[in-house]
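> What follows is upload.txt, made up of compact mmCIF, C-alpha atoms and all ligand atoms:
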# COMPACT_ATOMS: atom_id res chain seq x y z
CA MET E 27 11.28 7.05 9.79
CA GLU E 28 9.50 6.22 13.06
CA ALA E 29 7.59 3.32 11.52
CA ARG E 30 10.88 2.01 10.12
CA GLU E 31 12.19 1.67 13.67
CA ARG E 32 9.45 -0.89 14.31
CA ALA E 33 10.34 -3.05 11.29
CA TYR E 34 10.62 -6.77 11.99
CA ALA E 35 13.47 -7.71 9.69
CA PRO E 36 15.70 -10.29 11.42
CA TYR E 37 16.51 -12.12 8.17
CA SER E 38 17.42 -9.34 5.76
CA GLY E 39 18.39 -6.71 8.31
CA PHE E 40 16.82 -4.22 5.88
CA ALA E 41 14.29 -2.08 7.73
CA VAL E 42 11.69 -0.12 5.78
CA GLY E 43 9.07 2.36 6.97
CA ALA E 44 6.10 3.68 5.03
CA ALA E 45 3.58 6.47 5.63
CA LEU E 46 0.52 6.60 3.38
CA GLU E 47 -1.53 9.80 3.28
CA ALA E 48 -5.20 9.45 2.39
CA GLU E 49 -6.85 12.19 0.30
CA SER E 50 -8.77 13.06 3.47
CA GLY E 51 -5.48 13.87 5.24
CA GLU E 52 -5.09 10.95 7.65
CA VAL E 53 -1.77 9.10 7.59
CA TYR E 54 -1.39 5.33 7.97
CA VAL E 55 2.00 3.79 8.65
CA GLY E 56 3.57 0.42 7.96
CA CYS E 57 6.86 -1.38 8.34
CA ASN E 58 8.15 -4.57 6.80
CA VAL E 59 7.24 -7.76 8.66
CA GLU E 60 9.45 -10.72 7.77
CA ASN E 61 8.88 -14.41 8.41
CA ALA E 62 11.08 -17.50 8.77
CA SER E 63 9.18 -18.74 5.72
CA TYR E 64 10.71 -15.94 3.66
CA GLY E 65 8.01 -15.70 1.02
CA LEU E 66 5.46 -14.64 3.63
CA THR E 67 7.30 -11.37 4.22
CA GLN E 68 5.11 -8.30 4.04
CA CYS E 69 6.52 -5.07 2.64
CA ALA E 70 6.09 -1.81 4.55
CA GLU E 71 3.98 -0.25 1.78
CA ARG E 72 1.42 -3.03 1.69
CA VAL E 73 1.16 -3.11 5.48
CA ALA E 74 0.33 0.62 5.41
CA LEU E 75 -2.10 0.11 2.52
CA GLY E 76 -3.94 -2.67 4.35
CA CYS E 77 -4.30 -0.52 7.46
CA ALA E 78 -5.65 2.38 5.43
CA VAL E 79 -8.16 0.29 3.50
CA ALA E 80 -9.31 -1.39 6.72
CA ALA E 81 -9.90 2.11 8.13
CA GLY E 82 -12.17 2.87 5.16
CA LYS E 83 -9.77 4.82 2.92
CA ARG E 84 -9.51 4.14 -0.81
CA GLU E 85 -8.03 7.33 -2.24
CA PHE E 86 -4.47 8.33 -1.53
CA ALA E 87 -2.42 11.46 -2.12
CA ALA E 88 1.08 10.30 -1.25
CA LEU E 89 3.28 7.55 0.13
CA ALA E 90 6.60 8.25 1.85
CA LEU E 91 9.13 5.44 2.14
CA ALA E 92 12.21 5.46 4.37
CA SER E 93 15.11 3.06 4.00
CA ALA E 94 18.88 2.96 3.74
CA GLY E 95 19.89 3.89 0.22
CA MET E 96 16.51 5.47 -0.69
CA ALA E 97 14.85 2.32 -2.09
CA THR E 98 11.88 2.69 -4.43
CA PRO E 99 8.79 0.47 -3.87
CA CYS E 100 9.09 -3.06 -5.24
CA GLY E 101 7.00 -4.05 -8.25
CA ALA E 102 4.36 -5.86 -6.20
CA CYS E 103 3.84 -2.79 -4.02
CA ARG E 104 3.59 -0.51 -7.06
CA GLN E 105 0.81 -2.70 -8.42
CA ALA E 106 -0.98 -2.86 -5.05
CA LEU E 107 -0.88 0.93 -4.61
CA ALA E 108 -1.94 1.60 -8.23
CA GLU E 109 -5.16 -0.35 -7.64
CA PHE E 110 -6.35 2.67 -5.67
CA SER E 111 -4.49 5.83 -6.74
CA PRO E 112 -2.17 5.50 -9.73
CA GLN E 113 -1.42 9.22 -9.66
CA MET E 114 -0.28 9.34 -6.03
CA GLU E 115 3.06 10.90 -5.19
CA ILE E 116 5.81 8.51 -4.08
CA ILE E 117 8.47 10.10 -1.88
CA ILE E 118 11.57 8.05 -1.15
CA ALA E 119 13.99 9.06 1.60
CA ASP E 120 17.25 7.75 2.97
CA LEU E 121 18.27 7.70 6.61
CA GLU E 122 19.81 11.14 6.40
CA GLY E 123 16.51 12.58 5.16
CA ARG E 124 17.61 13.09 1.57
CA ASN E 125 14.61 12.52 -0.65
CA ARG E 126 13.20 12.41 -4.17
CA SER E 127 9.67 12.19 -5.43
CA PHE E 128 7.89 10.55 -8.34
CA ARG E 129 4.36 9.90 -9.53
CA LEU E 130 3.35 6.26 -9.11
CA ALA E 131 2.33 6.19 -12.79
CA GLU E 132 5.96 7.02 -13.69
CA LEU E 133 7.16 4.02 -11.69
CA LEU E 134 4.52 1.68 -13.14
CA PRO E 135 3.73 2.70 -16.72
CA ARG E 136 1.12 0.78 -18.74
CA ARG E 137 -0.07 -1.04 -15.66
CA PHE E 138 -2.54 -3.88 -15.56
CA GLY E 139 -5.79 -2.71 -13.98
CA GLY E 140 -9.43 -3.50 -13.43
CA GLY E 141 -10.24 -2.09 -16.85
CA ASN E 142 -8.44 -5.04 -18.42
CA LEU E 143 -10.90 -7.51 -16.95
CA PRO E 144 -14.06 -8.49 -18.86
CA CYS E 145 -16.20 -8.18 -15.75
CA ARG E 146 -15.34 -4.47 -15.52
CA ARG E 147 -15.78 -3.54 -19.18
CA GLY E 148 -18.79 -1.53 -20.31
CA GLN E 149 -19.48 -0.22 -16.82
CA GLY E 150 -18.60 3.36 -17.52
CA PRO E 151 -15.33 5.23 -17.04
CA ASP E 152 -12.72 3.23 -15.19
CA PRO E 153 -9.99 5.38 -13.65
CA HIS E 154 -7.94 2.37 -12.66
CA GLY E 155 -6.27 0.98 -15.73
CA ALA E 156 -8.36 1.00 -18.88
CA PRO E 157 -7.18 -1.40 -21.60
CA GLY E 158 -3.98 0.00 -23.04
CA GLY E 159 -2.83 1.29 -19.69
N1 LIG M 1 10.85 -4.32 1.39
C1 LIG M 1 9.85 -3.45 1.67
O1 LIG M 1 9.35 -3.37 2.80
N2 LIG M 1 9.39 -2.67 0.66
C2 LIG M 1 9.88 -2.68 -0.62
O2 LIG M 1 9.34 -2.02 -1.50
C3 LIG M 1 11.06 -3.48 -0.94
C4 LIG M 1 11.44 -4.49 0.09
C5 LIG M 1 11.35 -5.20 2.48
C6 LIG M 1 10.97 -6.64 2.31
C7 LIG M 1 12.06 -7.33 3.10
O3 LIG M 1 11.67 -7.42 4.46
C8 LIG M 1 13.26 -6.41 3.00
O4 LIG M 1 12.76 -5.16 2.51
C9 LIG M 1 14.35 -6.90 2.06
O5 LIG M 1 13.82 -7.24 0.82
Just dump the structure as structure tokens.
Ligand code: THU


Amino acid sequence: MEARERAYAPYSGFAVGAALEAESGEVYVGCNVENASYGLTQCAERVALGCAVAAGKREFAALALASAGMATPCGACRQALAEFSPQMEIIIADLEGRNRSFRLAELLPRRFGGGNLPCRRGQGPDPHGAPGG
């Protein structure tokens, strides 16, 4: 909710805040960052993910998302998060604090992952998207 207050969303007026908890317990936040060239807009979830990865984290327990109307993560963000922890919990909340939770794998079934790529085949167990999802 606090990160949402820092959203830069002058074009859509739709502010989003994200908090991503690493398996180690640290929390990294993000907000959406829009641009006059609309397609450059960064979603709150991927801003938080980039901060966490830059801090050395690659395993995540949960992501909380705050927005009006309790939005779920967009498809691009689901894919970006699943690269690291497809089983993470996704908690969505509205501005009154009502919330629901899901597993990321429920929101992105049969995902495309590293295991689909020839360069990753035959290198032992791949937790991130073996062929067949
Ligand atoms: N947005 C997010 O930050 N996360 C999502 O998962 C969906 C959309 C932002 C992008 C844009 O700034 C605004 O919400 C309206 O699409």

> Can you tell me which residues surround Ala41 (chain E) at a distance of at most 12 Å, considering all atoms listed in the file, apart from same-chain residues fewer than 2 positions away, and format the answer as an MDAnalysis selection string?

chainID E and resid 27:39 43:44 56:60 68:70 91:97 120:121

> Between CA of Ile117 (chain E) and CA of Gly141 (chain E), what distance in Å does the model show, to one decimal?

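So the two atoms, CA of Ile117 (chain E) and CA of Gly141 (chain E), lie 26.9 Å apart.
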
> Using only C-alpha atoms and all ligand atoms, which of the listed residues (E:Gly123, E:Gly101, E:Pro112, E:Pro144) sits closest to ligand LIG 1 (chain M)?

E:Gly101

> Hey, which of E:Arg84, E:Arg129, E:Arg136, E:Arg72 ends up closest to ligand LIG 1 (chain M)? Count all atoms listed in the file.

E:Arg72

> Looking at E:Tyr64, E:Tyr54, E:Phe40, E:Phe128, which one is nearest to ligand LIG 1 (chain M), with distances taken over only C-alpha atoms and all ligand atoms?

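Closest to ligand LIG 1 (chain M) of all the choices is E:Phe40.
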
> Please measure the separation of CA of Glu52 (chain E) and CA of Ile116 (chain E), giving the value in Å to one decimal.

16.2 Å

> Have a look at CA of Gln113 (chain E) and atom C6 of ligand LIG 1 (chain M) and let me know their distance in Å, one decimal.

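Computing it gives 23.4 Å between the two atoms.
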
> Just checking: using only C-alpha atoms and all ligand atoms, which residue out of E:Ala131, E:Cys100, E:Val79, E:Leu143 ends up closest to ligand LIG 1 (chain M)?

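Using only C-alpha atoms and all ligand atoms, ligand LIG 1 (chain M) sits closest to E:Cys100.
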
> Point out the residue among E:Ala88, E:Ala48, E:Leu66, E:Leu130 with the least atom-to-atom distance to ligand LIG 1 (chain M), counting only C-alpha atoms and all ligand atoms.

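For ligand LIG 1 (chain M), the nearest of the given residues is E:Leu66.
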
> Select, from E:Val73, E:Met114, E:Ala90, E:Val42, the residue with the minimum atom-to-atom distance to ligand LIG 1 (chain M), counting all atoms listed in the file.

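Closest residue, counting all atoms listed in the file: E:Val42.
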